[in-house]
Amino acid sequence: MFDFVHNNKLALQVILGAVALTFVGFGVGSYSTAVDDPFLAKVDKAKIYKQDLDRVLEGEVADAATRQAALENLIRQELLLAEGRREGLTATPEALRRAIAGLAVLQENGKFSEARYREFLASRNLTSQAFEGQIARDMLLKEQLLPFLDGQFVSKTQVEQVARLMGETRAVKMALFRPEAFAAEVRLDDAALKAYYDANRKRFNAPEAVRLEYLVLSQDAVAARQTVSDAEVDKYLRERAAADSSKEERRAAHILLTVAPDAKPADKAKVKAEAEALLKTLRADPAKFAELAKARSQDPGSAANGGDLGFFTRGMMVKPFDDAVFRMQPGQISDVVETEFGYHIIRLEAVKSADPAVARAEAVERLKRQKAGAAFRVDADRLSDLVYQHGASLKPAADALGLKVETADWLVKGDKNVAVPLFAHPKLVEAAFSDEVLKKKQNSEPVDVGNNTIVVVRAVEHRPERAQPLAEVRDAIRAELVAREGAKLAEARGKAALADLKAGKPVAGLAWTDAGEVSRRAPGALGVAELRAVFSVPAKSVPAYTGVKRPNGEFALFNVASVRAPQPASADESAQIAALLAEVSANAQATSYLNLLREKYKVTVNQQPAE
Amino acid sequence: MAFDLEEQEQLDALKAFWSRWGKWLAGALGLAVAAYVGYQGWQYYQKQQSLAAAAVFERFEATLANGDLKAVKGAQATLAEAYPGSAYASRAALLAARVAFDKGDLAYAKQQLTWVAERSDEDALRALARLRLAAVLLDEQRYDAALAELAREHPASFDALFLDLKGDVLAARGDAKGARDAYQAALAKLAGESPNRQFIQTKLDALGA
């Protein structure tokens, strides 16, 4: 029953979701630079370009319906913006600053960081102007939606009305008339089958199919072929030792002299001097570290263990501490290190490296992949040339590149259940059924199926779409017709039975099952149409009979035995219903507003956003 | 000589033209400059007014977070007094009405909604205010007053919403037939696949065919 809430939610989230999205996943680049680019749509003075759509879709490949919906959403946004600007809604510079400073991605330790901001802009190839314009746009959209969301409320009377609707329960028995039960009564002669076959001939055609052979060139396969010498691995491991220290575990002990976060510089200097004195003692007699840690360290967790912190990996400690520990040699005692906690003196106890065998195997893998990158590109170019020059066979390319020509089973056009997952790729299917492959009988162009994998196909055998003779599809037609005619009979018998029951006449042979107590809130096994039928019976005429045709062709007969009036809704239930209704209203009102704006501003849709 | 003569003639024609039209031309140019400057000035003034109203609205929004109705009322009064014609004043009034409704201050809620319904220059906001005003009146069981609000002029795209609420008011008053008619009219006005359809249909079904 509350499907409508779900649907409503969706429509509103389309607008709101998009606003939230630009805040988190701001795409690469923005605002078309090519001004004379053909635009997709124009709303008042604002143009929506293909780039804008791609940005919303975050570079994902999307089907036509998704792209259409995304474009529609951009149009809605532009309508809201056009009206907002016209009415004088605007983001003040202070509000804009605050909004940007509040973005978590631009913060470091909970505070806005100028460096982070610059880094963020650079990584996305954005000017600060473009980014700020985008944020200002989002703020304006939010302001435009305020009256619909934050200004929304629902009258208590309406909440009670809905609570009553949801709470009423009815005890129901059901009897089904199934199409199968009437199959024996369906009279089908050859003329009827032939007529149905003729009328639906196209549907009974066997679709076009092709049997393919193909070559796959993948970077993974190229990588497996690469050889890596021990010397290369050793060199790699040496160079990467520092970078790979993330896997390495180190055990350290420390002595901490704490400094309050709000300490005055003079107090800090005093603590630092103490630390320096302590360090001097330790340099003179390193063996006293544990003893001094017990006596002096203000880290309650480690002092009792002589300052020992146990093993930890890189990044687990605060940065200055981390940096110091991972620079040190075992046994070494650090200088005084300052962190947000105070002053530390650290001794590195032990280093536990990653398993050397594992590290080596990983290094080999990585080196092979590195080498394969270049080799793969070379091979891809050669493949492209070879399959074009020797257009009538895949063998020369396969021999030259050490690939194997593989054969595939029949690929049927429009069939979603392909045996080899590779052939579910739309670009590959397109190539397999292209004129180049089917008519000219040439190799296809190399198709990039993603994941650094390139495929070339050629047709071994082609089977055009063809009509199937009646004899071949006779059974399928018969089944369809029996189902259709059976449903008609089920409906007719059901309605006749219903009429008899309503007139008080007994009906023999009905198999009543107890469907229990149902309500709009808990419809049990009843679908939308059945629920409507059951609850459309006026309460005062219960017990009563009703019936409705189900989407699967069955006819359902209902005996509404009794009605139980709704209990008054609890405070929780009322609040829940109020929230749902507010959402429903917000959406309905926002939709009305958008319809109004659509009449007010000129919207031109220039191109379908399919590609 | 002929050449000079021709030149002289042209010069004379020009002089005559200038003495006849010069004043007008200069005047027209002056007017155009004045109009342009005036327009730019007006735009600038508008922009400044918008920014000022936006700043006051931000302070109003800050009071919403606390949910202190008194503070909300104060901030709203400041905004409505200083920038009554701004888009922000109407928006703030709608938000303030909601806070008041939640706190049970129906009189203030109605006052703010009435203000928007009568003063806003945005058709859609006026329609929103009337819908919400009717909802408050429905809770007060002032059915005639609620129906009167719903009978006011509003944009056609809001028709279904006005009729739907009219059905709710009539149903609350016990006028099942009137409610049925209103819900049916609302359904007829709904655009195609509106998600509201099922909800209104359910309310209609509940009234008995």
# chains A, B, ... in the order shown; residues from 1 in each chain; ligands from 1
>>> interface_residues(of="chain B", to="chain A", cutoff="7 Å", atoms="only C-alpha atoms", output="list of chain:residue names")
B:Ser50, B:Leu51, B:Ala54, B:Ala55, B:Ala87, B:Arg91, B:Leu94, B:Leu95, B:Arg98, B:Ala124, B:Ala135, B:Val136, B:Leu138, B:Asp139, B:Ser157, B:Phe158, B:Asp168, B:Pro195, B:Asn196, B:Gln198, B:Phe199, B:Asp205, B:Ala206, B:Gly208, B:Ala209
>>> write_last_selection(atoms="N, CA, C and O atoms", output="short mmCIF file (atom, residue, chain, number, x, y, z; two decimals), in the first residue's frame")
data_model
loop_
_atom_site.label_atom_id
_atom_site.label_comp_id
_atom_site.auth_asym_id
_atom_site.auth_seq_id
_atom_site.Cartn_x
_atom_site.Cartn_y
_atom_site.Cartn_z
N SER B 50 19.70 41.97 -2.62
CA SER B 50 19.62 40.51 -2.52
C SER B 50 20.66 40.00 -1.53
O SER B 50 20.37 39.17 -0.67
N LEU B 51 21.88 40.51 -1.66
CA LEU B 51 22.95 40.05 -0.78
C LEU B 51 22.64 40.39 0.67
O LEU B 51 22.85 39.58 1.57
N ALA B 54 19.95 38.15 1.89
CA ALA B 54 20.49 36.79 2.08
C ALA B 54 21.23 36.69 3.40
O ALA B 54 21.13 35.69 4.11
N ALA B 55 21.96 37.74 3.74
CA ALA B 55 22.72 37.73 5.00
C ALA B 55 21.76 37.66 6.18
O ALA B 55 22.00 36.92 7.14
N ALA B 87 12.55 37.63 -1.90
CA ALA B 87 12.18 36.20 -1.96
C ALA B 87 12.47 35.54 -0.63
O ALA B 87 11.85 34.55 -0.28
N ARG B 91 10.16 32.94 2.04
CA ARG B 91 10.69 31.63 2.40
C ARG B 91 10.81 31.48 3.92
O ARG B 91 10.48 30.45 4.49
N LEU B 94 7.46 30.82 5.52
CA LEU B 94 7.01 29.43 5.39
C LEU B 94 7.74 28.52 6.39
O LEU B 94 7.14 27.63 6.99
N LEU B 95 9.03 28.77 6.57
CA LEU B 95 9.80 27.96 7.51
C LEU B 95 9.36 28.24 8.95
O LEU B 95 9.22 27.32 9.76
N ARG B 98 6.16 26.52 9.86
CA ARG B 98 6.33 25.11 10.16
C ARG B 98 6.78 24.89 11.60
O ARG B 98 6.25 24.04 12.31
N ALA B 124 3.86 30.20 -6.93
CA ALA B 124 4.00 28.89 -6.32
C ALA B 124 4.00 29.00 -4.80
O ALA B 124 3.38 28.19 -4.11
N ALA B 135 -4.64 23.39 5.68
CA ALA B 135 -4.34 22.23 6.53
C ALA B 135 -4.47 22.60 8.01
O ALA B 135 -5.01 21.83 8.81
N VAL B 136 -4.00 23.80 8.38
CA VAL B 136 -4.14 24.25 9.77
C VAL B 136 -5.61 24.43 10.12
O VAL B 136 -6.08 23.99 11.17
N LEU B 138 -8.07 22.97 8.82
CA LEU B 138 -8.68 21.63 8.91
C LEU B 138 -8.50 21.08 10.33
O LEU B 138 -9.44 20.54 10.91
N ASP B 139 -7.31 21.25 10.87
CA ASP B 139 -7.06 20.77 12.24
C ASP B 139 -7.93 21.53 13.25
O ASP B 139 -8.29 20.98 14.28
N SER B 157 -1.04 24.05 -12.24
CA SER B 157 -0.25 22.85 -11.93
C SER B 157 -0.45 22.41 -10.48
O SER B 157 -0.02 21.32 -10.11
N PHE B 158 -1.12 23.26 -9.67
CA PHE B 158 -1.40 22.88 -8.29
C PHE B 158 -2.83 22.38 -8.11
O PHE B 158 -3.25 22.07 -7.00
N ASP B 168 -10.01 15.81 1.52
CA ASP B 168 -9.70 15.51 2.93
C ASP B 168 -10.60 16.34 3.86
O ASP B 168 -11.11 15.83 4.85
N PRO B 195 2.98 9.76 -8.81
CA PRO B 195 3.06 8.83 -7.70
C PRO B 195 1.93 9.05 -6.67
O PRO B 195 1.69 8.19 -5.84
N ASN B 196 1.27 10.19 -6.74
CA ASN B 196 0.18 10.47 -5.81
C ASN B 196 -1.10 9.70 -6.13
O ASN B 196 -2.01 9.62 -5.32
N GLN B 198 -2.02 6.62 -6.53
CA GLN B 198 -2.43 5.48 -5.72
C GLN B 198 -2.94 5.92 -4.35
O GLN B 198 -3.88 5.34 -3.82
N PHE B 199 -2.33 6.93 -3.80
CA PHE B 199 -2.72 7.43 -2.49
C PHE B 199 -4.14 8.02 -2.53
O PHE B 199 -5.00 7.69 -1.71
N ASP B 205 -11.35 4.98 -2.56
CA ASP B 205 -11.91 3.63 -2.35
C ASP B 205 -12.50 3.51 -0.94
O ASP B 205 -13.54 2.88 -0.74
N ALA B 206 -11.81 4.10 0.03
CA ALA B 206 -12.22 3.96 1.43
C ALA B 206 -13.58 4.61 1.68
O ALA B 206 -14.26 4.28 2.65
N GLY B 208 -16.08 4.17 -0.14
CA GLY B 208 -17.10 3.28 -0.68
C GLY B 208 -17.55 3.80 -2.04
O GLY B 208 -17.70 4.99 -2.25
N ALA B 209 -17.73 2.86 -2.96
CA ALA B 209 -18.06 3.28 -4.32
C ALA B 209 -19.46 3.90 -4.40
O ALA B 209 -20.30 3.59 -3.60
#
>>> residues_around(residues="Pro568 of chain A", least_positions_apart="3", cutoff="9 Å", atoms="only C-alpha atoms", output="compact mmCIF listing (two decimals) with N, CA, C and O atoms, in the first residue's frame")
# COMPACT_ATOMS: atom_id res chain seq x y z
N GLU A 160 -4.47 11.29 11.02
CA GLU A 160 -5.46 10.37 11.58
C GLU A 160 -6.19 9.63 10.47
O GLU A 160 -6.47 8.43 10.57
N ALA A 163 -3.99 6.98 9.26
CA ALA A 163 -3.84 5.95 10.29
C ALA A 163 -5.05 5.01 10.27
O ALA A 163 -4.91 3.80 10.41
N ARG A 164 -6.23 5.59 10.09
CA ARG A 164 -7.45 4.75 10.02
C ARG A 164 -7.40 3.85 8.79
O ARG A 164 -7.71 2.66 8.84
N GLY A 167 -4.94 1.06 9.41
CA GLY A 167 -5.16 0.18 10.56
C GLY A 167 -6.32 -0.76 10.42
O GLY A 167 -6.39 -1.79 11.10
>>> closest_residue(among="A:Asp267, A:Asp299, A:Glu249, A:Glu340", to="Asn109 of chain A", atoms="only C-alpha atoms")
A:Glu340
>>> select_by_dssp(residues="segment 28-193 of chain B", states="alpha helix (DSSP H)", output="number ranges by chain")
B: 28-66, 69-82, 87-102, 106-119, 123-139, 143-150, 159-173, 176-189
>>> residues_around(residues="segment 399-415 of chain A", least_positions_apart="2", cutoff="8 Å", atoms="only C-alpha atoms", output="list in words")
Pro207, Glu208, Ala209, Val210, Arg211, Leu212, Glu213, Tyr214, Leu215, Val216, Leu217, Asp379, Leu383, Leu394, Lys395, Pro396, Ala397, Asn417, Val418, Ala419, Val420 and Phe423 of chain A
>>> write_last_selection(atoms="N, CA, C and O atoms", output="PDB file, in the first residue's frame")
ATOM      1  N   PRO A 207      16.009 -15.729 -34.324  1.00  0.00           N
ATOM      2  CA  PRO A 207      16.854 -14.547 -34.520  1.00  0.00           C
ATOM      3  C   PRO A 207      18.163 -14.874 -35.221  1.00  0.00           C
ATOM      4  O   PRO A 207      18.586 -16.033 -35.268  1.00  0.00           O
ATOM      5  N   GLU A 208      18.792 -13.827 -35.749  1.00  0.00           N
ATOM      6  CA  GLU A 208      20.078 -13.952 -36.420  1.00  0.00           C
ATOM      7  C   GLU A 208      21.128 -14.498 -35.452  1.00  0.00           C
ATOM      8  O   GLU A 208      21.088 -14.196 -34.263  1.00  0.00           O
ATOM      9  N   ALA A 209      22.032 -15.318 -35.976  1.00  0.00           N
ATOM     10  CA  ALA A 209      23.077 -15.858 -35.109  1.00  0.00           C
ATOM     11  C   ALA A 209      24.372 -15.979 -35.885  1.00  0.00           C
ATOM     12  O   ALA A 209      24.363 -16.012 -37.118  1.00  0.00           O
ATOM     13  N   VAL A 210      25.486 -16.013 -35.171  1.00  0.00           N
ATOM     14  CA  VAL A 210      26.782 -16.132 -35.820  1.00  0.00           C
ATOM     15  C   VAL A 210      27.680 -17.023 -34.974  1.00  0.00           C
ATOM     16  O   VAL A 210      27.623 -16.996 -33.745  1.00  0.00           O
ATOM     17  N   ARG A 211      28.462 -17.865 -35.660  1.00  0.00           N
ATOM     18  CA  ARG A 211      29.455 -18.664 -34.948  1.00  0.00           C
ATOM     19  C   ARG A 211      30.793 -18.004 -35.187  1.00  0.00           C
ATOM     20  O   ARG A 211      31.151 -17.702 -36.326  1.00  0.00           O
ATOM     21  N   LEU A 212      31.547 -17.770 -34.106  1.00  0.00           N
ATOM     22  CA  LEU A 212      32.734 -16.932 -34.217  1.00  0.00           C
ATOM     23  C   LEU A 212      33.998 -17.695 -33.871  1.00  0.00           C
ATOM     24  O   LEU A 212      33.974 -18.654 -33.114  1.00  0.00           O
ATOM     25  N   GLU A 213      35.112 -17.222 -34.452  1.00  0.00           N
ATOM     26  CA  GLU A 213      36.394 -17.542 -33.848  1.00  0.00           C
ATOM     27  C   GLU A 213      36.998 -16.204 -33.447  1.00  0.00           C
ATOM     28  O   GLU A 213      36.662 -15.174 -34.017  1.00  0.00           O
ATOM     29  N   TYR A 214      37.862 -16.250 -32.457  1.00  0.00           N
ATOM     30  CA  TYR A 214      38.332 -14.974 -31.917  1.00  0.00           C
ATOM     31  C   TYR A 214      39.698 -15.075 -31.272  1.00  0.00           C
ATOM     32  O   TYR A 214      40.171 -16.163 -30.932  1.00  0.00           O
ATOM     33  N   LEU A 215      40.332 -13.888 -31.164  1.00  0.00           N
ATOM     34  CA  LEU A 215      41.633 -13.773 -30.502  1.00  0.00           C
ATOM     35  C   LEU A 215      41.469 -12.851 -29.302  1.00  0.00           C
ATOM     36  O   LEU A 215      40.784 -11.840 -29.398  1.00  0.00           O
ATOM     37  N   VAL A 216      42.087 -13.219 -28.193  1.00  0.00           N
ATOM     38  CA  VAL A 216      42.067 -12.340 -27.024  1.00  0.00           C
ATOM     39  C   VAL A 216      43.489 -11.944 -26.689  1.00  0.00           C
ATOM     40  O   VAL A 216      44.346 -12.809 -26.484  1.00  0.00           O
ATOM     41  N   LEU A 217      43.742 -10.643 -26.654  1.00  0.00           N
ATOM     42  CA  LEU A 217      45.039 -10.149 -26.209  1.00  0.00           C
ATOM     43  C   LEU A 217      44.810  -9.416 -24.892  1.00  0.00           C
ATOM     44  O   LEU A 217      44.084  -8.423 -24.860  1.00  0.00           O
ATOM     45  N   ASP A 379      52.138  -4.958 -28.637  1.00  0.00           N
ATOM     46  CA  ASP A 379      51.365  -6.075 -29.192  1.00  0.00           C
ATOM     47  C   ASP A 379      50.017  -5.613 -29.725  1.00  0.00           C
ATOM     48  O   ASP A 379      49.543  -6.078 -30.763  1.00  0.00           O
ATOM     49  N   LEU A 383      48.745  -6.206 -33.361  1.00  0.00           N
ATOM     50  CA  LEU A 383      47.503  -6.944 -33.592  1.00  0.00           C
ATOM     51  C   LEU A 383      46.607  -6.160 -34.542  1.00  0.00           C
ATOM     52  O   LEU A 383      46.055  -6.696 -35.512  1.00  0.00           O
ATOM     53  N   LEU A 394      42.563 -15.012 -38.939  1.00  0.00           N
ATOM     54  CA  LEU A 394      43.148 -14.576 -37.676  1.00  0.00           C
ATOM     55  C   LEU A 394      44.503 -15.223 -37.446  1.00  0.00           C
ATOM     56  O   LEU A 394      45.247 -14.813 -36.568  1.00  0.00           O
ATOM     57  N   LYS A 395      44.808 -16.242 -38.283  1.00  0.00           N
ATOM     58  CA  LYS A 395      45.983 -17.044 -38.004  1.00  0.00           C
ATOM     59  C   LYS A 395      47.297 -16.253 -38.032  1.00  0.00           C
ATOM     60  O   LYS A 395      48.113 -16.403 -37.117  1.00  0.00           O
ATOM     61  N   PRO A 396      47.514 -15.415 -39.052  1.00  0.00           N
ATOM     62  CA  PRO A 396      48.800 -14.688 -39.066  1.00  0.00           C
ATOM     63  C   PRO A 396      49.019 -13.876 -37.788  1.00  0.00           C
ATOM     64  O   PRO A 396      50.109 -13.894 -37.227  1.00  0.00           O
ATOM     65  N   ALA A 397      47.977 -13.218 -37.323  1.00  0.00           N
ATOM     66  CA  ALA A 397      48.123 -12.416 -36.117  1.00  0.00           C
ATOM     67  C   ALA A 397      48.385 -13.315 -34.917  1.00  0.00           C
ATOM     68  O   ALA A 397      49.251 -13.026 -34.075  1.00  0.00           O
ATOM     69  N   ASN A 417      21.761 -14.721 -22.301  1.00  0.00           N
ATOM     70  CA  ASN A 417      22.476 -15.777 -21.593  1.00  0.00           C
ATOM     71  C   ASN A 417      23.583 -16.345 -22.458  1.00  0.00           C
ATOM     72  O   ASN A 417      23.448 -17.407 -23.048  1.00  0.00           O
ATOM     73  N   VAL A 418      24.698 -15.627 -22.544  1.00  0.00           N
ATOM     74  CA  VAL A 418      25.788 -16.118 -23.378  1.00  0.00           C
ATOM     75  C   VAL A 418      26.667 -17.038 -22.556  1.00  0.00           C
ATOM     76  O   VAL A 418      26.836 -16.843 -21.349  1.00  0.00           O
ATOM     77  N   ALA A 419      27.245 -18.040 -23.228  1.00  0.00           N
ATOM     78  CA  ALA A 419      28.051 -19.041 -22.530  1.00  0.00           C
ATOM     79  C   ALA A 419      29.369 -18.434 -22.057  1.00  0.00           C
ATOM     80  O   ALA A 419      29.796 -18.647 -20.932  1.00  0.00           O
ATOM     81  N   VAL A 420      30.042 -17.654 -22.932  1.00  0.00           N
ATOM     82  CA  VAL A 420      31.300 -17.013 -22.579  1.00  0.00           C
ATOM     83  C   VAL A 420      30.991 -15.566 -22.180  1.00  0.00           C
ATOM     84  O   VAL A 420      30.465 -14.814 -22.995  1.00  0.00           O
ATOM     85  N   PHE A 423      31.241 -12.358 -24.411  1.00  0.00           N
ATOM     86  CA  PHE A 423      30.322 -11.981 -25.488  1.00  0.00           C
ATOM     87  C   PHE A 423      29.055 -11.289 -24.980  1.00  0.00           C
ATOM     88  O   PHE A 423      28.097 -11.102 -25.719  1.00  0.00           O
TER      89      PHE A 423
END
